[in-house]
>>> print(open('work_12.cif').read())   # mmCIF, C-alpha atoms; chains and numbers go by the auth columns
data_final
loop_
_atom_site.group_PDB
_atom_site.id
_atom_site.type_symbol
_atom_site.label_atom_id
_atom_site.label_comp_id
_atom_site.label_asym_id
_atom_site.label_seq_id
_atom_site.Cartn_x
_atom_site.Cartn_y
_atom_site.Cartn_z
_atom_site.B_iso_or_equiv
_atom_site.auth_seq_id
_atom_site.auth_asym_id
ATOM 1 C CA ASP A 1 72.069 11.525 -78.318 0.00 7 A
ATOM 2 C CA THR A 2 70.362 12.721 -81.504 0.00 8 A
ATOM 3 C CA GLY A 3 69.383 9.334 -82.907 0.00 9 A
ATOM 4 C CA VAL A 4 65.918 7.818 -83.209 0.00 10 A
ATOM 5 C CA SER A 5 64.423 7.148 -79.812 0.00 11 A
ATOM 6 C CA GLN A 6 61.590 4.797 -78.963 0.00 12 A
ATOM 7 C CA ASP A 7 59.523 4.430 -75.844 0.00 13 A
ATOM 8 C CA PRO A 8 58.898 2.199 -74.021 0.00 14 A
ATOM 9 C CA ARG A 9 61.727 -0.195 -74.735 0.00 15 A
ATOM 10 C CA HIS A 10 59.775 -3.087 -73.281 0.00 16 A
ATOM 11 C CA LYS A 11 56.075 -3.619 -72.761 0.00 17 A
ATOM 12 C CA ILE A 12 54.356 -6.651 -71.278 0.00 18 A
ATOM 13 C CA THR A 13 50.599 -6.705 -71.554 0.00 19 A
ATOM 14 C CA LYS A 14 47.699 -9.067 -71.303 0.00 20 A
ATOM 15 C CA ARG A 15 45.782 -10.174 -74.340 0.00 21 A
ATOM 16 C CA GLY A 16 42.997 -7.772 -75.159 0.00 22 A
ATOM 17 C CA GLN A 17 44.695 -4.676 -73.781 0.00 23 A
ATOM 18 C CA ASN A 18 45.685 -1.665 -75.863 0.00 24 A
ATOM 19 C CA VAL A 19 49.272 -0.538 -76.135 0.00 25 A
ATOM 20 C CA THR A 20 50.904 2.550 -77.616 0.00 26 A
ATOM 21 C CA PHE A 21 54.475 3.053 -78.714 0.00 27 A
ATOM 22 C CA ARG A 22 56.145 6.355 -79.369 0.00 28 A
ATOM 23 C CA CYS A 23 58.923 7.203 -81.787 0.00 29 A
ATOM 24 C CA ASP A 24 60.957 10.396 -81.907 0.00 30 A
ATOM 25 C CA PRO A 25 62.850 10.512 -85.205 0.00 31 A
ATOM 26 C CA ILE A 26 65.987 12.457 -85.959 0.00 32 A
ATOM 27 C CA SER A 27 64.746 16.028 -85.908 0.00 33 A
ATOM 28 C CA GLU A 28 65.409 17.055 -89.485 0.00 34 A
ATOM 29 C CA HIS A 29 64.095 13.831 -91.009 0.00 35 A
ATOM 30 C CA ASN A 30 60.852 14.099 -92.948 0.00 36 A
ATOM 31 C CA ARG A 31 60.351 10.397 -93.475 0.00 37 A
ATOM 32 C CA LEU A 32 59.332 7.996 -90.752 0.00 38 A
ATOM 33 C CA TYR A 33 58.788 4.243 -90.940 0.00 39 A
ATOM 34 C CA TRP A 34 57.439 1.567 -88.645 0.00 40 A
ATOM 35 C CA TYR A 35 58.635 -2.007 -88.963 0.00 41 A
ATOM 36 C CA ARG A 36 57.889 -5.161 -87.012 0.00 42 A
ATOM 37 C CA GLN A 37 60.469 -7.839 -86.312 0.00 43 A
ATOM 38 C CA THR A 38 59.952 -11.293 -84.868 0.00 44 A
ATOM 39 C CA LEU A 39 62.666 -13.582 -83.579 0.00 45 A
ATOM 40 C CA GLY A 40 65.061 -14.705 -86.271 0.00 46 A
ATOM 41 C CA GLN A 41 63.377 -12.698 -89.020 0.00 47 A
ATOM 42 C CA GLY A 42 64.182 -9.512 -90.857 0.00 48 A
ATOM 43 C CA PRO A 43 62.142 -6.390 -90.162 0.00 49 A
ATOM 44 C CA GLU A 44 58.763 -6.273 -91.948 0.00 50 A
ATOM 45 C CA PHE A 45 57.459 -2.953 -93.231 0.00 51 A
ATOM 46 C CA LEU A 46 54.285 -1.701 -91.559 0.00 52 A
ATOM 47 C CA THR A 47 53.773 1.924 -92.545 0.00 53 A
ATOM 48 C CA TYR A 48 55.432 5.081 -93.854 0.00 54 A
ATOM 49 C CA PHE A 49 54.953 8.801 -93.196 0.00 55 A
ATOM 50 C CA GLN A 50 56.164 11.765 -95.197 0.00 56 A
ATOM 51 C CA ASN A 51 55.877 14.597 -92.707 0.00 57 A
ATOM 52 C CA GLU A 52 52.419 14.158 -91.162 0.00 58 A
ATOM 53 C CA ALA A 53 50.939 12.258 -94.089 0.00 59 A
ATOM 54 C CA GLN A 54 50.668 8.492 -93.866 0.00 60 A
ATOM 55 C CA LEU A 55 51.434 7.522 -97.445 0.00 61 A
ATOM 56 C CA GLU A 56 51.713 3.759 -97.318 0.00 62 A
ATOM 57 C CA LYS A 57 50.393 0.976 -95.135 0.00 63 A
ATOM 58 C CA SER A 58 51.216 -2.702 -95.331 0.00 64 A
ATOM 59 C CA ARG A 59 48.545 -5.359 -95.449 0.00 65 A
ATOM 60 C CA LEU A 60 50.166 -6.550 -92.220 0.00 66 A
ATOM 61 C CA LEU A 61 48.659 -3.502 -90.540 0.00 67 A
ATOM 62 C CA SER A 62 45.257 -4.812 -89.533 0.00 68 A
ATOM 63 C CA ASP A 63 42.469 -2.540 -88.394 0.00 69 A
ATOM 64 C CA ARG A 64 43.634 -3.035 -84.802 0.00 70 A
ATOM 65 C CA PHE A 65 46.777 -1.089 -85.649 0.00 71 A
ATOM 66 C CA SER A 66 46.848 2.652 -86.089 0.00 72 A
ATOM 67 C CA ALA A 67 49.760 4.994 -86.551 0.00 73 A
ATOM 68 C CA GLU A 68 49.865 8.756 -86.418 0.00 74 A
ATOM 69 C CA ARG A 69 52.352 11.526 -86.862 0.00 75 A
ATOM 70 C CA PRO A 70 50.236 14.530 -85.989 0.00 76 A
ATOM 71 C CA LYS A 71 52.739 17.344 -86.362 0.00 77 A
ATOM 72 C CA GLY A 72 55.211 15.683 -88.635 0.00 78 A
ATOM 73 C CA SER A 73 57.631 15.089 -85.794 0.00 79 A
ATOM 74 C CA PHE A 74 57.076 12.213 -83.328 0.00 80 A
ATOM 75 C CA SER A 75 54.882 9.264 -84.219 0.00 81 A
ATOM 76 C CA THR A 76 52.754 6.826 -82.262 0.00 82 A
ATOM 77 C CA LEU A 77 51.789 3.267 -83.092 0.00 83 A
ATOM 78 C CA GLU A 78 48.761 1.941 -81.229 0.00 84 A
ATOM 79 C CA ILE A 79 47.662 -1.657 -81.124 0.00 85 A
ATOM 80 C CA GLN A 80 44.146 -2.263 -79.884 0.00 86 A
ATOM 81 C CA ARG A 81 42.875 -5.537 -78.415 0.00 87 A
ATOM 82 C CA THR A 82 46.330 -7.091 -78.487 0.00 88 A
ATOM 83 C CA GLU A 83 46.739 -10.728 -79.452 0.00 89 A
ATOM 84 C CA GLN A 84 49.597 -13.084 -78.680 0.00 90 A
ATOM 85 C CA GLY A 85 50.618 -12.941 -82.324 0.00 91 A
ATOM 86 C CA ASP A 86 51.364 -9.245 -81.886 0.00 92 A
ATOM 87 C CA SER A 87 54.361 -10.106 -79.725 0.00 93 A
ATOM 88 C CA ALA A 88 57.339 -8.717 -81.586 0.00 94 A
ATOM 89 C CA MET A 89 59.881 -5.916 -81.687 0.00 95 A
ATOM 90 C CA TYR A 90 58.417 -2.740 -83.159 0.00 96 A
ATOM 91 C CA LEU A 91 61.081 -0.688 -84.860 0.00 97 A
ATOM 92 C CA CYS A 92 60.887 2.918 -85.926 0.00 98 A
ATOM 93 C CA ALA A 93 63.206 4.421 -88.520 0.00 99 A
ATOM 94 C CA SER A 94 63.614 7.805 -90.105 0.00 100 A
ATOM 95 C CA SER A 95 65.392 9.295 -93.085 0.00 101 A
ATOM 96 C CA PRO A 96 65.743 12.694 -94.697 0.00 102 A
ATOM 97 C CA SER A 97 63.772 13.528 -97.815 0.00 103 A
ATOM 98 C CA GLY A 98 65.622 13.287 -101.079 0.00 104 A
ATOM 99 C CA GLY A 99 66.396 10.763 -103.750 0.00 105 A
ATOM 100 C CA PRO A 100 66.560 6.994 -103.502 0.00 106 A
ATOM 101 C CA THR A 101 68.808 5.674 -100.797 0.00 107 A
ATOM 102 C CA GLY A 102 69.279 2.585 -98.714 0.00 108 A
ATOM 103 C CA GLU A 103 70.000 4.325 -95.469 0.00 109 A
ATOM 104 C CA LEU A 104 67.352 4.368 -92.795 0.00 110 A
ATOM 105 C CA PHE A 105 68.186 5.293 -89.223 0.00 111 A
ATOM 106 C CA PHE A 106 66.607 2.839 -86.830 0.00 112 A
ATOM 107 C CA GLY A 107 65.767 3.189 -83.183 0.00 113 A
ATOM 108 C CA GLU A 108 66.445 0.404 -80.739 0.00 114 A
ATOM 109 C CA GLY A 109 62.877 -0.779 -80.851 0.00 115 A
ATOM 110 C CA SER A 110 59.995 -1.403 -78.498 0.00 116 A
ATOM 111 C CA ARG A 111 59.617 -5.021 -77.537 0.00 117 A
ATOM 112 C CA LEU A 112 56.042 -6.136 -76.982 0.00 118 A
ATOM 113 C CA THR A 113 55.135 -9.309 -75.124 0.00 119 A
ATOM 114 C CA VAL A 114 51.451 -10.250 -75.065 0.00 120 A
ATOM 115 C CA LEU A 115 50.563 -12.808 -72.421 0.00 121 A
ATOM 116 C CA GLY B 1 69.775 -11.901 -77.841 0.00 8 B
ATOM 117 C CA GLU B 2 66.589 -11.479 -79.860 0.00 9 B
ATOM 118 C CA ASN B 3 68.248 -12.256 -83.186 0.00 10 B
ATOM 119 C CA VAL B 4 70.007 -15.443 -82.187 0.00 11 B
ATOM 120 C CA GLY B 5 67.347 -17.614 -83.654 0.00 12 B
ATOM 121 C CA LEU B 6 67.636 -21.350 -84.008 0.00 13 B
ATOM 122 C CA HIS B 7 66.880 -21.156 -87.703 0.00 14 B
ATOM 123 C CA LEU B 8 69.241 -18.374 -88.704 0.00 15 B
ATOM 124 C CA PRO B 9 71.958 -19.326 -91.177 0.00 16 B
ATOM 125 C CA THR B 10 75.232 -18.966 -89.338 0.00 17 B
ATOM 126 C CA LEU B 11 78.700 -18.129 -90.540 0.00 18 B
ATOM 127 C CA SER B 12 81.510 -18.808 -88.110 0.00 19 B
ATOM 128 C CA VAL B 13 84.903 -17.249 -88.837 0.00 20 B
ATOM 129 C CA GLN B 14 88.193 -16.791 -87.062 0.00 21 B
ATOM 130 C CA GLU B 15 89.189 -13.319 -85.984 0.00 22 B
ATOM 131 C CA GLY B 16 91.321 -11.770 -88.682 0.00 23 B
ATOM 132 C CA ASP B 17 89.876 -13.851 -91.519 0.00 24 B
ATOM 133 C CA ASN B 18 87.697 -12.421 -94.248 0.00 25 B
ATOM 134 C CA SER B 19 83.951 -13.036 -94.134 0.00 26 B
ATOM 135 C CA ILE B 20 81.551 -13.360 -97.044 0.00 27 B
ATOM 136 C CA ILE B 21 77.830 -13.181 -96.414 0.00 28 B
ATOM 137 C CA ASN B 22 75.474 -13.945 -99.272 0.00 29 B
ATOM 138 C CA CYS B 23 71.940 -12.998 -100.133 0.00 30 B
ATOM 139 C CA ALA B 24 69.553 -13.781 -102.981 0.00 31 B
ATOM 140 C CA TYR B 25 66.964 -11.187 -103.946 0.00 32 B
ATOM 141 C CA SER B 26 63.821 -11.462 -105.981 0.00 33 B
ATOM 142 C CA ASN B 27 62.879 -8.096 -107.452 0.00 34 B
ATOM 143 C CA SER B 28 64.837 -6.991 -110.499 0.00 35 B
ATOM 144 C CA ALA B 29 63.276 -3.528 -110.344 0.00 36 B
ATOM 145 C CA SER B 30 64.837 -2.548 -107.015 0.00 37 B
ATOM 146 C CA ASP B 31 66.849 0.684 -107.128 0.00 38 B
ATOM 147 C CA TYR B 32 69.204 -0.026 -104.262 0.00 39 B
ATOM 148 C CA PHE B 33 70.479 -3.025 -102.408 0.00 40 B
ATOM 149 C CA ILE B 34 71.615 -2.583 -98.869 0.00 41 B
ATOM 150 C CA TRP B 35 73.338 -4.380 -96.010 0.00 42 B
ATOM 151 C CA TYR B 36 72.377 -3.826 -92.385 0.00 43 B
ATOM 152 C CA LYS B 37 74.008 -5.071 -89.204 0.00 44 B
ATOM 153 C CA GLN B 38 71.953 -5.837 -86.123 0.00 45 B
ATOM 154 C CA GLU B 39 73.581 -6.477 -82.787 0.00 46 B
ATOM 155 C CA SER B 40 71.684 -8.205 -80.038 0.00 47 B
ATOM 156 C CA GLY B 41 69.092 -5.902 -78.443 0.00 48 B
ATOM 157 C CA LYS B 42 69.639 -3.105 -80.938 0.00 49 B
ATOM 158 C CA GLY B 43 68.017 -1.786 -84.065 0.00 50 B
ATOM 159 C CA PRO B 44 69.487 -2.469 -87.516 0.00 51 B
ATOM 160 C CA GLN B 45 72.429 -0.285 -88.481 0.00 52 B
ATOM 161 C CA PHE B 46 73.190 0.704 -92.069 0.00 53 B
ATOM 162 C CA ILE B 47 76.500 -0.627 -93.375 0.00 54 B
ATOM 163 C CA ILE B 48 76.641 0.000 -97.094 0.00 55 B
ATOM 164 C CA ASP B 49 74.393 0.203 -100.125 0.00 56 B
ATOM 165 C CA ILE B 50 74.843 -0.255 -103.845 0.00 57 B
ATOM 166 C CA ARG B 51 72.825 1.182 -106.659 0.00 58 B
ATOM 167 C CA SER B 52 71.350 -1.231 -109.156 0.00 59 B
ATOM 168 C CA ASN B 53 73.541 0.095 -111.992 0.00 60 B
ATOM 169 C CA MET B 54 76.746 -0.827 -110.172 0.00 61 B
ATOM 170 C CA ASP B 55 78.325 -4.203 -109.499 0.00 62 B
ATOM 171 C CA LYS B 56 80.790 -3.353 -106.747 0.00 63 B
ATOM 172 C CA ARG B 57 81.140 -0.784 -104.020 0.00 64 B
ATOM 173 C CA GLN B 58 83.750 -0.529 -101.308 0.00 65 B
ATOM 174 C CA GLY B 59 83.572 0.970 -97.879 0.00 66 B
ATOM 175 C CA GLN B 60 85.768 0.810 -94.859 0.00 67 B
ATOM 176 C CA ARG B 61 86.685 -2.901 -94.496 0.00 68 B
ATOM 177 C CA VAL B 62 83.509 -3.857 -96.377 0.00 69 B
ATOM 178 C CA THR B 63 82.765 -4.532 -100.019 0.00 70 B
ATOM 179 C CA VAL B 64 79.368 -5.199 -101.530 0.00 71 B
ATOM 180 C CA LEU B 65 79.055 -7.110 -104.786 0.00 72 B
ATOM 181 C CA LEU B 66 75.914 -7.189 -106.898 0.00 73 B
ATOM 182 C CA ASN B 67 75.306 -9.787 -109.573 0.00 74 B
ATOM 183 C CA LYS B 68 72.082 -8.887 -111.321 0.00 75 B
ATOM 184 C CA THR B 69 72.278 -11.832 -113.691 0.00 76 B
ATOM 185 C CA VAL B 70 71.714 -14.302 -110.899 0.00 77 B
ATOM 186 C CA LYS B 71 70.090 -11.833 -108.460 0.00 78 B
ATOM 187 C CA HIS B 72 72.792 -12.247 -105.890 0.00 79 B
ATOM 188 C CA LEU B 73 74.235 -9.810 -103.368 0.00 80 B
ATOM 189 C CA SER B 74 77.225 -10.387 -101.139 0.00 81 B
ATOM 190 C CA LEU B 75 78.947 -8.566 -98.314 0.00 82 B
ATOM 191 C CA GLN B 76 82.638 -9.062 -97.784 0.00 83 B
ATOM 192 C CA ILE B 77 84.181 -8.038 -94.482 0.00 84 B
ATOM 193 C CA ALA B 78 87.949 -7.859 -94.389 0.00 85 B
ATOM 194 C CA ALA B 79 89.939 -8.799 -91.291 0.00 86 B
ATOM 195 C CA THR B 80 86.846 -9.734 -89.304 0.00 87 B
ATOM 196 C CA GLN B 81 86.852 -8.536 -85.713 0.00 88 B
ATOM 197 C CA PRO B 82 84.886 -9.677 -82.645 0.00 89 B
ATOM 198 C CA GLY B 83 82.856 -6.473 -82.892 0.00 90 B
ATOM 199 C CA ASP B 84 81.567 -7.665 -86.255 0.00 91 B
ATOM 200 C CA SER B 85 79.611 -10.430 -84.540 0.00 92 B
ATOM 201 C CA ALA B 86 75.973 -9.700 -85.293 0.00 93 B
ATOM 202 C CA VAL B 87 73.101 -10.648 -87.577 0.00 94 B
ATOM 203 C CA TYR B 88 73.446 -9.240 -91.081 0.00 95 B
ATOM 204 C CA PHE B 89 70.436 -8.510 -93.275 0.00 96 B
ATOM 205 C CA CYS B 90 70.293 -7.674 -96.920 0.00 97 B
ATOM 206 C CA ALA B 91 67.504 -5.372 -98.042 0.00 98 B
ATOM 207 C CA GLU B 92 66.052 -3.974 -101.253 0.00 99 B
ATOM 208 C CA ASN B 93 64.738 -0.496 -101.888 0.00 100 B
ATOM 209 C CA ARG B 94 61.758 -1.196 -104.122 0.00 101 B
ATOM 210 C CA ASN B 95 60.374 2.319 -104.144 0.00 102 B
ATOM 211 C CA GLY B 96 62.789 5.196 -104.582 0.00 103 B
ATOM 212 C CA ALA B 97 60.046 7.688 -103.845 0.00 104 B
ATOM 213 C CA THR B 98 59.475 6.389 -100.325 0.00 105 B
ATOM 214 C CA ASN B 99 62.697 4.451 -99.630 0.00 106 B
ATOM 215 C CA LYS B 100 60.629 1.599 -98.275 0.00 107 B
ATOM 216 C CA LEU B 101 62.984 -1.310 -97.625 0.00 108 B
ATOM 217 C CA ILE B 102 62.207 -5.006 -97.883 0.00 109 B
ATOM 218 C CA PHE B 103 64.496 -7.104 -95.713 0.00 110 B
ATOM 219 C CA GLY B 104 65.679 -10.620 -96.354 0.00 111 B
ATOM 220 C CA THR B 105 66.470 -13.387 -93.909 0.00 112 B
ATOM 221 C CA GLY B 106 69.455 -12.631 -91.736 0.00 113 B
ATOM 222 C CA THR B 107 72.778 -14.396 -91.360 0.00 114 B
ATOM 223 C CA LEU B 108 74.394 -14.684 -87.972 0.00 115 B
ATOM 224 C CA LEU B 109 78.110 -13.936 -88.111 0.00 116 B
ATOM 225 C CA ALA B 110 80.002 -15.446 -85.202 0.00 117 B
ATOM 226 C CA VAL B 111 83.617 -14.361 -84.877 0.00 118 B
ATOM 227 C CA GLN B 112 85.821 -16.747 -82.960 0.00 119 B
ATOM 228 C CA PRO B 113 88.774 -15.172 -81.118 0.00 120 B
#
>>> encode(input="work_12.cif", output="structure tokens")
Amino acid sequence: DTGVSQDPRHKITKRGQNVTFRCDPISEHNRLYWYRQTLGQGPEFLTYFQNEAQLEKSRLLSDRFSAERPKGSFSTLEIQRTEQGDSAMYLCASSPSGGPTGELFFGEGSRLTVL
Amino acid sequence: GENVGLHLPTLSVQEGDNSIINCAYSNSASDYFIWYKQESGKGPQFIIDIRSNMDKRQGQRVTVLLNKTVKHLSLQIAATQPGDSAVYFCAENRNGATNKLIFGTGTLLAVQP
């Protein structure tokens, strides 16, 4: 399977713990996005990478959240001192570089439950 | 599934009928408007997009209509099948340089056999 893969698929943690999610985009895709989705809502943009550069961050991304894409390939999203409000599905997507398009390729997400 | 929320607008159709899912958008400057399908437990899947200078685009069994006057987007699915059951989201591409998408509220399509 050469799609976007995310790990872990499910994570249950206690409030105050740190968690890290990993995303492996489609190999030739330069662009990588993180979104968050809560029940019944559309995905909300968190951050965007062009290769290894983080070019945009949403105001939703508090200082407890950090994302990296060190070599321009896989990316990690870390949440420090988790809160119950962080419970959500964290989605990663990638796309090739090029002109405007609507097509992002999403992974199946990492579901976080904070107890 | 995670997207079967109590507050999701729901469209229930009979198998074989045509479905029309509607969406209102807010930003007139968006370059592209897009429809995504999300099945329970999965990530969103691209269906079709339309550039802002067009008013209609057809794909396989799907048609997207864009009415910029009233800021309205619709997705038509012909001969709806049980496999079409999912939550459908419209989205806007507000930045062609980054292709950052802003998603709207979803609509649950329930296909009755």
>>> interface_residues(input="work_12.cif", of="chain A", to="chain B", cutoff="6 Å", atoms="all atoms listed in the file", output="PyMOL selection string")
chain A and resi 45-48+106+108-109+112-114
>>> resolve_selection(input="work_12.cif", expression="the PyMOL selection byres ((chain B and resi 83) around 7)", output="list in words")
Ser26, Ile27, Ile28, Val69, Thr70, Val71, Ser81, Leu82, Ile84 and Ala85 of chain B
>>> residues_around(input="work_12.cif", residues="Asp13 in chain A", least_positions_apart="5", cutoff="7 Å", atoms="all atoms listed in the file", output="PDB file with C-alpha atoms, keeping the file's coordinate frame")
ATOM      1  CA  PHE A  27      54.475   3.053 -78.714  1.00  0.00           C
ATOM      2  CA  ARG A  28      56.145   6.355 -79.369  1.00  0.00           C
ATOM      3  CA  CYS A  29      58.923   7.203 -81.787  1.00  0.00           C
ATOM      4  CA  SER A 116      59.995  -1.403 -78.498  1.00  0.00           C
TER       5      SER A 116
END
>>> residues_around(input="work_12.cif", residues="Ala31 in chain B", least_positions_apart="4", cutoff="7 Å", atoms="only C-alpha atoms", output="PyMOL selection string")
chain B and resi 78-80
>>> resolve_selection(input="work_12.cif", expression="the PyMOL selection byres ((chain A and resi 32) around 8)", output="PyMOL selection string")
chain A and resi 8-10+30-31+33-35+100-101
>>> resolve_selection(input="work_12.cif", expression="the PyMOL selection byres ((chain A and resi 52) around 8)", output="ChimeraX atom specification")
/A:39-42,50-51,53-54,63-67
>>> atom_distance(input="work_12.cif", atom1="CA of Asn74 in chain B", atom2="CA of Asp24 in chain B")
23.6 Å
>>> axis_aligned_box(input="work_12.cif", around="range 47-66 of chain B", padding_each_side="8 Å", output="lines of an AutoDock Vina configuration file")
center_x = 75.9
center_y = -3.5
center_z = -95.2
size_x = 31.7
size_y = 25.4
size_z = 49.5
>>> atom_distance(input="work_12.cif", atom1="CA of Ile18 in chain A", atom2="CA of Asp92 in chain A")
11.3 Å
>>> atom_distance(input="work_12.cif", atom1="CA of Arg37 in chain A", atom2="CA of Ser81 in chain A")
10.8 Å
>>> residues_around(input="work_12.cif", residues="Thr76 in chain B", least_positions_apart="4", cutoff="12 Å", atoms="only C-alpha atoms", output="JSON, numbers by chain")
{"B": [31, 32, 33, 34, 35, 59, 62, 80]}
>>> write_last_selection(input="work_12.cif", atoms="C-alpha atoms", output="mmCIF file, in the coordinates of the input")
data_model
loop_
_atom_site.group_PDB
_atom_site.id
_atom_site.type_symbol
_atom_site.label_atom_id
_atom_site.label_comp_id
_atom_site.auth_asym_id
_atom_site.auth_seq_id
_atom_site.Cartn_x
_atom_site.Cartn_y
_atom_site.Cartn_z
ATOM 1 C CA ALA B 31 69.553 -13.781 -102.981
ATOM 2 C CA TYR B 32 66.964 -11.187 -103.946
ATOM 3 C CA SER B 33 63.821 -11.462 -105.981
ATOM 4 C CA ASN B 34 62.879 -8.096 -107.452
ATOM 5 C CA SER B 35 64.837 -6.991 -110.499
ATOM 6 C CA SER B 59 71.350 -1.231 -109.156
ATOM 7 C CA ASP B 62 78.325 -4.203 -109.499
ATOM 8 C CA LEU B 80 74.235 -9.810 -103.368
#
>>> residues_near_point(input="work_12.cif", point="(55.5, -5.5, -76.5)", cutoff="7 Å", atoms="only C-alpha atoms", output="PyMOL selection string")
chain A and resi 16-18+93-95+116-120
>>> build_atoms(input="work_12.cif", residues="range 45-65 of chain B", atoms="N, CA and C atoms", output="PDB file, in the coordinates of the input")
ATOM      1  N   GLN B  45      72.779  -5.963 -87.314  1.00  0.00           N
ATOM      2  CA  GLN B  45      71.953  -5.837 -86.123  1.00  0.00           C
ATOM      3  C   GLN B  45      72.597  -6.607 -84.978  1.00  0.00           C
ATOM      4  N   GLU B  46      73.020  -5.873 -83.990  1.00  0.00           N
ATOM      5  CA  GLU B  46      73.581  -6.477 -82.787  1.00  0.00           C
ATOM      6  C   GLU B  46      72.442  -6.806 -81.827  1.00  0.00           C
ATOM      7  N   SER B  47      72.708  -7.727 -80.961  1.00  0.00           N
ATOM      8  CA  SER B  47      71.684  -8.205 -80.038  1.00  0.00           C
ATOM      9  C   SER B  47      71.095  -7.052 -79.224  1.00  0.00           C
ATOM     10  N   GLY B  48      69.769  -6.928 -79.233  1.00  0.00           N
ATOM     11  CA  GLY B  48      69.092  -5.902 -78.443  1.00  0.00           C
ATOM     12  C   GLY B  48      69.091  -4.524 -79.058  1.00  0.00           C
ATOM     13  N   LYS B  49      69.576  -4.415 -80.294  1.00  0.00           N
ATOM     14  CA  LYS B  49      69.639  -3.105 -80.938  1.00  0.00           C
ATOM     15  C   LYS B  49      68.878  -3.105 -82.255  1.00  0.00           C
ATOM     16  N   GLY B  50      68.638  -1.905 -82.765  1.00  0.00           N
ATOM     17  CA  GLY B  50      68.017  -1.786 -84.065  1.00  0.00           C
ATOM     18  C   GLY B  50      69.028  -2.002 -85.173  1.00  0.00           C
ATOM     19  N   PRO B  51      68.568  -2.288 -86.391  1.00  0.00           N
ATOM     20  CA  PRO B  51      69.487  -2.469 -87.516  1.00  0.00           C
ATOM     21  C   PRO B  51      70.291  -1.198 -87.783  1.00  0.00           C
ATOM     22  N   GLN B  52      71.526  -1.403 -88.200  1.00  0.00           N
ATOM     23  CA  GLN B  52      72.429  -0.285 -88.481  1.00  0.00           C
ATOM     24  C   GLN B  52      72.908  -0.399 -89.923  1.00  0.00           C
ATOM     25  N   PHE B  53      72.754   0.668 -90.675  1.00  0.00           N
ATOM     26  CA  PHE B  53      73.190   0.704 -92.069  1.00  0.00           C
ATOM     27  C   PHE B  53      74.690   0.463 -92.168  1.00  0.00           C
ATOM     28  N   ILE B  54      75.074  -0.406 -93.128  1.00  0.00           N
ATOM     29  CA  ILE B  54      76.500  -0.627 -93.375  1.00  0.00           C
ATOM     30  C   ILE B  54      76.906   0.003 -94.703  1.00  0.00           C
ATOM     31  N   ILE B  55      76.261  -0.447 -95.758  1.00  0.00           N
ATOM     32  CA  ILE B  55      76.641   0.000 -97.094  1.00  0.00           C
ATOM     33  C   ILE B  55      75.502  -0.304 -98.047  1.00  0.00           C
ATOM     34  N   ASP B  56      75.384   0.504 -99.091  1.00  0.00           N
ATOM     35  CA  ASP B  56      74.393   0.203-100.125  1.00  0.00           C
ATOM     36  C   ASP B  56      75.054   0.271-101.498  1.00  0.00           C
ATOM     37  N   ILE B  57      74.343  -0.264-102.481  1.00  0.00           N
ATOM     38  CA  ILE B  57      74.843  -0.255-103.845  1.00  0.00           C
ATOM     39  C   ILE B  57      73.665   0.005-104.766  1.00  0.00           C
ATOM     40  N   ARG B  58      73.878   0.874-105.711  1.00  0.00           N
ATOM     41  CA  ARG B  58      72.825   1.182-106.659  1.00  0.00           C
ATOM     42  C   ARG B  58      72.739   0.061-107.680  1.00  0.00           C
ATOM     43  N   SER B  59      71.586  -0.096-108.261  1.00  0.00           N
ATOM     44  CA  SER B  59      71.350  -1.231-109.156  1.00  0.00           C
ATOM     45  C   SER B  59      72.183  -1.176-110.427  1.00  0.00           C
ATOM     46  N   ASN B  60      72.729  -0.011-110.774  1.00  0.00           N
ATOM     47  CA  ASN B  60      73.541   0.095-111.992  1.00  0.00           C
ATOM     48  C   ASN B  60      75.038  -0.119-111.738  1.00  0.00           C
ATOM     49  N   MET B  61      75.361  -0.544-110.523  1.00  0.00           N
ATOM     50  CA  MET B  61      76.746  -0.827-110.172  1.00  0.00           C
ATOM     51  C   MET B  61      76.891  -2.317-109.866  1.00  0.00           C
ATOM     52  N   ASP B  62      78.131  -2.807-109.892  1.00  0.00           N
ATOM     53  CA  ASP B  62      78.325  -4.203-109.499  1.00  0.00           C
ATOM     54  C   ASP B  62      79.255  -4.364-108.299  1.00  0.00           C
ATOM     55  N   LYS B  63      79.880  -3.267-107.897  1.00  0.00           N
ATOM     56  CA  LYS B  63      80.790  -3.353-106.747  1.00  0.00           C
ATOM     57  C   LYS B  63      80.881  -1.992-106.083  1.00  0.00           C
ATOM     58  N   ARG B  64      80.928  -2.022-104.758  1.00  0.00           N
ATOM     59  CA  ARG B  64      81.140  -0.784-104.020  1.00  0.00           C
ATOM     60  C   ARG B  64      81.923  -1.116-102.762  1.00  0.00           C
ATOM     61  N   GLN B  65      82.903  -0.272-102.464  1.00  0.00           N
ATOM     62  CA  GLN B  65      83.750  -0.529-101.308  1.00  0.00           C
ATOM     63  C   GLN B  65      83.554   0.535-100.252  1.00  0.00           C
TER      64      GLN B  65
END
